[in-house]
>>> print(open('structure-v9.pdb').read())   # PDB, C-alpha atoms, pLDDT in the B column
ATOM      1  CA  MET U1389    -104.999 112.979-203.760  1.00 92.00           C
ATOM      2  CA  PHE U1390    -102.510 110.324-204.864  1.00 94.00           C
ATOM      3  CA  LYS U1391    -101.267 107.975-202.137  1.00 96.00           C
ATOM      4  CA  LEU U1392     -97.945 106.138-202.513  1.00 96.00           C
ATOM      5  CA  ALA U1393     -96.928 103.219-200.286  1.00 97.00           C
ATOM      6  CA  ILE U1394     -93.209 102.472-200.001  1.00 96.00           C
ATOM      7  CA  LEU U1395     -91.758  99.112-199.014  1.00 96.00           C
ATOM      8  CA  GLN U1396     -88.348  99.384-197.361  1.00 95.00           C
ATOM      9  CA  MET U1397     -86.941  95.987-196.475  1.00 94.00           C
ATOM     10  CA  ARG U1398     -84.466  93.448-197.794  1.00 92.00           C
ATOM     11  CA  SER U1399     -85.561  90.594-199.960  1.00 92.00           C
ATOM     12  CA  GLU U1400     -83.859  87.225-200.033  1.00 89.00           C
ATOM     13  CA  LYS U1401     -81.362  86.541-202.797  1.00 88.00           C
ATOM     14  CA  ARG U1402     -82.803  84.280-205.487  1.00 86.00           C
ATOM     15  CA  ALA U1403     -85.910  83.442-203.412  1.00 92.00           C
ATOM     16  CA  TYR U1404     -88.238  84.524-206.221  1.00 93.00           C
ATOM     17  CA  ASP U1405     -91.364  82.772-204.935  1.00 96.00           C
ATOM     18  CA  LYS U1406     -90.947  84.024-201.374  1.00 96.00           C
ATOM     19  CA  ASN U1407     -90.152  87.568-202.526  1.00 96.00           C
ATOM     20  CA  THR U1408     -93.135  87.589-204.891  1.00 96.00           C
ATOM     21  CA  ASN U1409     -95.450  86.446-202.098  1.00 97.00           C
ATOM     22  CA  THR U1410     -94.024  89.146-199.814  1.00 97.00           C
ATOM     23  CA  ILE U1411     -94.761  91.753-202.483  1.00 97.00           C
ATOM     24  CA  ILE U1412     -98.327  90.477-202.821  1.00 97.00           C
ATOM     25  CA  ASP U1413     -98.833  90.668-199.045  1.00 98.00           C
ATOM     26  CA  TYR U1414     -97.656  94.279-199.052  1.00 97.00           C
ATOM     27  CA  MET U1415     -99.749  95.095-202.135  1.00 97.00           C
ATOM     28  CA  LYS U1416    -102.817  93.878-200.229  1.00 98.00           C
ATOM     29  CA  ALA U1417    -101.882  95.950-197.168  1.00 98.00           C
ATOM     30  CA  ALA U1418    -101.248  99.016-199.320  1.00 98.00           C
ATOM     31  CA  SER U1419    -104.568  98.543-201.104  1.00 97.00           C
ATOM     32  CA  GLU U1420    -106.417  98.169-197.786  1.00 97.00           C
ATOM     33  CA  ASN U1421    -104.853 101.485-196.739  1.00 97.00           C
ATOM     34  CA  ASN U1422    -106.117 103.123-199.940  1.00 97.00           C
ATOM     35  CA  ALA U1423    -102.715 103.478-201.596  1.00 97.00           C
ATOM     36  CA  ASP U1424    -102.734 104.009-205.341  1.00 97.00           C
ATOM     37  CA  MET U1425     -99.285 102.564-205.885  1.00 96.00           C
ATOM     38  CA  LEU U1426     -96.588 100.537-204.100  1.00 97.00           C
ATOM     39  CA  LEU U1427     -92.899 101.313-204.649  1.00 95.00           C
ATOM     40  CA  LEU U1428     -90.463  98.424-204.120  1.00 94.00           C
ATOM     41  CA  PRO U1429     -86.748  98.439-203.313  1.00 93.00           C
ATOM     42  CA  GLU U1430     -84.410  97.857-206.232  1.00 88.00           C
ATOM     43  CA  CYS U1431     -84.338  94.260-207.521  1.00 87.00           C
ATOM     44  CA  PHE U1432     -86.711  93.011-204.809  1.00 91.00           C
ATOM     45  CA  ILE U1433     -88.073  90.046-206.806  1.00 90.00           C
ATOM     46  CA  THR U1434     -84.662  88.465-207.433  1.00 87.00           C
ATOM     47  CA  GLY U1435     -82.897  89.897-204.425  1.00 84.00           C
ATOM     48  CA  TYR U1436     -80.222  92.521-204.965  1.00 81.00           C
ATOM     49  CA  ASP U1437     -77.554  90.276-206.470  1.00 73.00           C
ATOM     50  CA  LEU U1438     -75.668  91.924-209.316  1.00 69.00           C
ATOM     51  CA  SER U1439     -73.734  88.723-209.993  1.00 71.00           C
ATOM     52  CA  ILE U1440     -76.920  86.947-211.105  1.00 74.00           C
ATOM     53  CA  SER U1441     -76.523  85.088-214.399  1.00 75.00           C
ATOM     54  CA  ASN U1442     -78.599  85.834-217.465  1.00 75.00           C
ATOM     55  CA  ASP U1443     -80.297  82.429-217.037  1.00 75.00           C
ATOM     56  CA  LEU U1444     -81.597  83.467-213.604  1.00 78.00           C
ATOM     57  CA  ALA U1445     -82.653  86.985-214.629  1.00 79.00           C
ATOM     58  CA  LEU U1446     -86.327  87.669-215.329  1.00 83.00           C
ATOM     59  CA  SER U1447     -87.849  87.468-218.787  1.00 83.00           C
ATOM     60  CA  ASP U1448     -90.700  89.645-220.019  1.00 79.00           C
ATOM     61  CA  ASP U1449     -93.131  86.749-219.602  1.00 85.00           C
ATOM     62  CA  ASP U1450     -91.805  85.542-216.245  1.00 90.00           C
ATOM     63  CA  ASN U1451     -94.423  83.864-214.016  1.00 93.00           C
ATOM     64  CA  HIS U1452     -93.483  86.089-211.065  1.00 93.00           C
ATOM     65  CA  ILE U1453     -94.091  89.238-213.086  1.00 90.00           C
ATOM     66  CA  ASN U1454     -97.356  87.813-214.436  1.00 92.00           C
ATOM     67  CA  LYS U1455     -98.511  86.971-210.908  1.00 95.00           C
ATOM     68  CA  LEU U1456     -97.732  90.509-209.745  1.00 94.00           C
ATOM     69  CA  CYS U1457     -99.541  92.004-212.759  1.00 92.00           C
ATOM     70  CA  ASP U1458    -102.607  89.866-212.083  1.00 95.00           C
ATOM     71  CA  THR U1459    -102.618  90.873-208.414  1.00 96.00           C
ATOM     72  CA  ALA U1460    -102.163  94.548-209.261  1.00 95.00           C
ATOM     73  CA  ARG U1461    -105.169  94.405-211.602  1.00 95.00           C
ATOM     74  CA  GLU U1462    -107.243  92.540-209.015  1.00 97.00           C
ATOM     75  CA  LEU U1463    -106.393  95.007-206.244  1.00 97.00           C
ATOM     76  CA  LYS U1464    -106.495  98.030-208.566  1.00 95.00           C
ATOM     77  CA  ILE U1465    -103.095  99.195-207.344  1.00 96.00           C
ATOM     78  CA  GLY U1466     -99.990 100.194-209.258  1.00 95.00           C
ATOM     79  CA  LEU U1467     -96.606  98.631-208.593  1.00 94.00           C
ATOM     80  CA  ILE U1468     -93.179 100.103-209.311  1.00 92.00           C
ATOM     81  CA  ALA U1469     -90.393  97.535-209.404  1.00 88.00           C
ATOM     82  CA  ILE U1470     -86.847  97.413-210.764  1.00 83.00           C
ATOM     83  CA  ALA U1471     -85.668  93.970-211.823  1.00 81.00           C
ATOM     84  CA  LEU U1472     -82.668  92.279-213.398  1.00 78.00           C
ATOM     85  CA  LYS U1473     -83.920  91.367-216.848  1.00 78.00           C
ATOM     86  CA  LYS U1474     -82.628  88.891-219.416  1.00 78.00           C
ATOM     87  CA  GLY U1475     -80.806  90.273-222.408  1.00 72.00           C
ATOM     88  CA  LYS U1476     -77.373  90.579-224.005  1.00 63.00           C
ATOM     89  CA  GLN U1477     -76.227  91.866-220.657  1.00 57.00           C
ATOM     90  CA  ASN U1478     -78.190  91.654-217.444  1.00 51.00           C
ATOM     91  CA  HIS U1479     -79.636  95.058-216.956  1.00 56.00           C
ATOM     92  CA  LYS U1480     -82.011  96.686-214.590  1.00 55.00           C
ATOM     93  CA  THR U1481     -85.430  97.486-215.970  1.00 60.00           C
ATOM     94  CA  LEU U1482     -88.104  99.642-214.414  1.00 55.00           C
ATOM     95  CA  LEU U1483     -91.359  97.720-214.366  1.00 59.00           C
ATOM     96  CA  LEU U1484     -94.569  99.676-213.972  1.00 60.00           C
ATOM     97  CA  LEU U1485     -97.321  97.188-213.259  1.00 59.00           C
TER      98      LEU U1485
END
>>> encode(input="structure-v9.pdb", output="structure tokens")
Amino acid sequence: MFKLAILQMRSEKRAYDKNTNTIIDYMKAASENNADMLLLPECFITGYDLSISNDLALSDDDNHINKLCDTARELKIGLIAIALKKGKQNHKTLLLL
């Protein structure tokens, strides 16, 4: 049986470090409860702020994404996140970690 954990809460706008640490805390809790994957609210890492500039959007090699990937591997849990990503236009990207 596949077990999905869902996080439903607001993140703080542009508080990338705090939001990343919150995700990690919930990844640990989900893992301890034998979840296979954690689903995050839209744009949780950056905070749901559609006016965010391209400079503040996440890149493919962003430290926050790398930290979440490392934690997901360590905990053996999947993570589904949607983030504002750098590009010609800020766009939302589904990240499966």
>>> resolve_selection(input="structure-v9.pdb", expression="the PyMOL selection byres ((chain U and resi 1452-1457) around 10)", output="JSON, numbers by chain")
{"U": [1404, 1405, 1407, 1408, 1409, 1411, 1412, 1415, 1433, 1434, 1446, 1447, 1448, 1449, 1450, 1451, 1458, 1459, 1460, 1461, 1462, 1463, 1465, 1466, 1467, 1469, 1471, 1483, 1484, 1485]}
>>> closest_residue(input="structure-v9.pdb", among="U:Leu1392, U:Ile1440, U:Ala1403, U:Ala1445", to="Asn1421 in chain U", atoms="only C-alpha atoms")
U:Leu1392
>>> atom_distance(input="structure-v9.pdb", atom1="CA of Lys1406 in chain U", atom2="CA of Leu1427 in chain U")
17.7 Å
>>> atom_distance(input="structure-v9.pdb", atom1="CA of Arg1398 in chain U", atom2="CA of Lys1464 in chain U")
24.9 Å
>>> resolve_selection(input="structure-v9.pdb", expression="the PyMOL selection byres ((chain U and resi 1391) around 6)", output="list in words")
Phe1390, Leu1392, Ala1423 and Asp1424 of chain U
>>> atom_distance(input="structure-v9.pdb", atom1="CA of Glu1430 in chain U", atom2="CA of Asp1443 in chain U")
19.3 Å
>>> resolve_selection(input="structure-v9.pdb", expression="the PyMOL selection byres ((chain U and resi 1395) around 6)", output="mmCIF file with C-alpha atoms, keeping the file's coordinate frame")
data_model
loop_
_atom_site.group_PDB
_atom_site.id
_atom_site.type_symbol
_atom_site.label_atom_id
_atom_site.label_comp_id
_atom_site.auth_asym_id
_atom_site.auth_seq_id
_atom_site.Cartn_x
_atom_site.Cartn_y
_atom_site.Cartn_z
ATOM 1 C CA ILE U 1394 -93.209 102.472 -200.001
ATOM 2 C CA GLN U 1396 -88.348 99.384 -197.361
ATOM 3 C CA LEU U 1428 -90.463 98.424 -204.120
#
>>> axis_aligned_box(input="structure-v9.pdb", around="range 1390-1403 of chain U", padding_each_side="6 Å", output="AutoDock Vina command-line options")
--center_x -91.9 --center_y 96.9 --center_z -201.0 --size_x 33.1 --size_y 38.9 --size_z 21.0
>>> closest_residue(input="structure-v9.pdb", among="U:Leu1472, U:Pro1429, U:Ala1393, U:Lys1401", to="Lys1416 in chain U", atoms="only C-alpha atoms")
U:Ala1393
>>> residues_near_point(input="structure-v9.pdb", point="(-80.6, 89.3, -201.7)", cutoff="7 Å", atoms="all atoms listed in the file", output="list in words")
Arg1398, Ser1399, Glu1400, Lys1401, Arg1402, Gly1435, Tyr1436 and Asp1437 of chain U
>>> closest_residue(input="structure-v9.pdb", among="U:Ser1441, U:Phe1432, U:Asp1413, U:Met1425", to="Ile1470 in chain U", atoms="all atoms listed in the file")
U:Phe1432
>>> closest_residue(input="structure-v9.pdb", among="U:Ala1417, U:Asn1422, U:Gly1475, U:Met1397", to="Asn1442 in chain U", atoms="all atoms listed in the file")
U:Gly1475
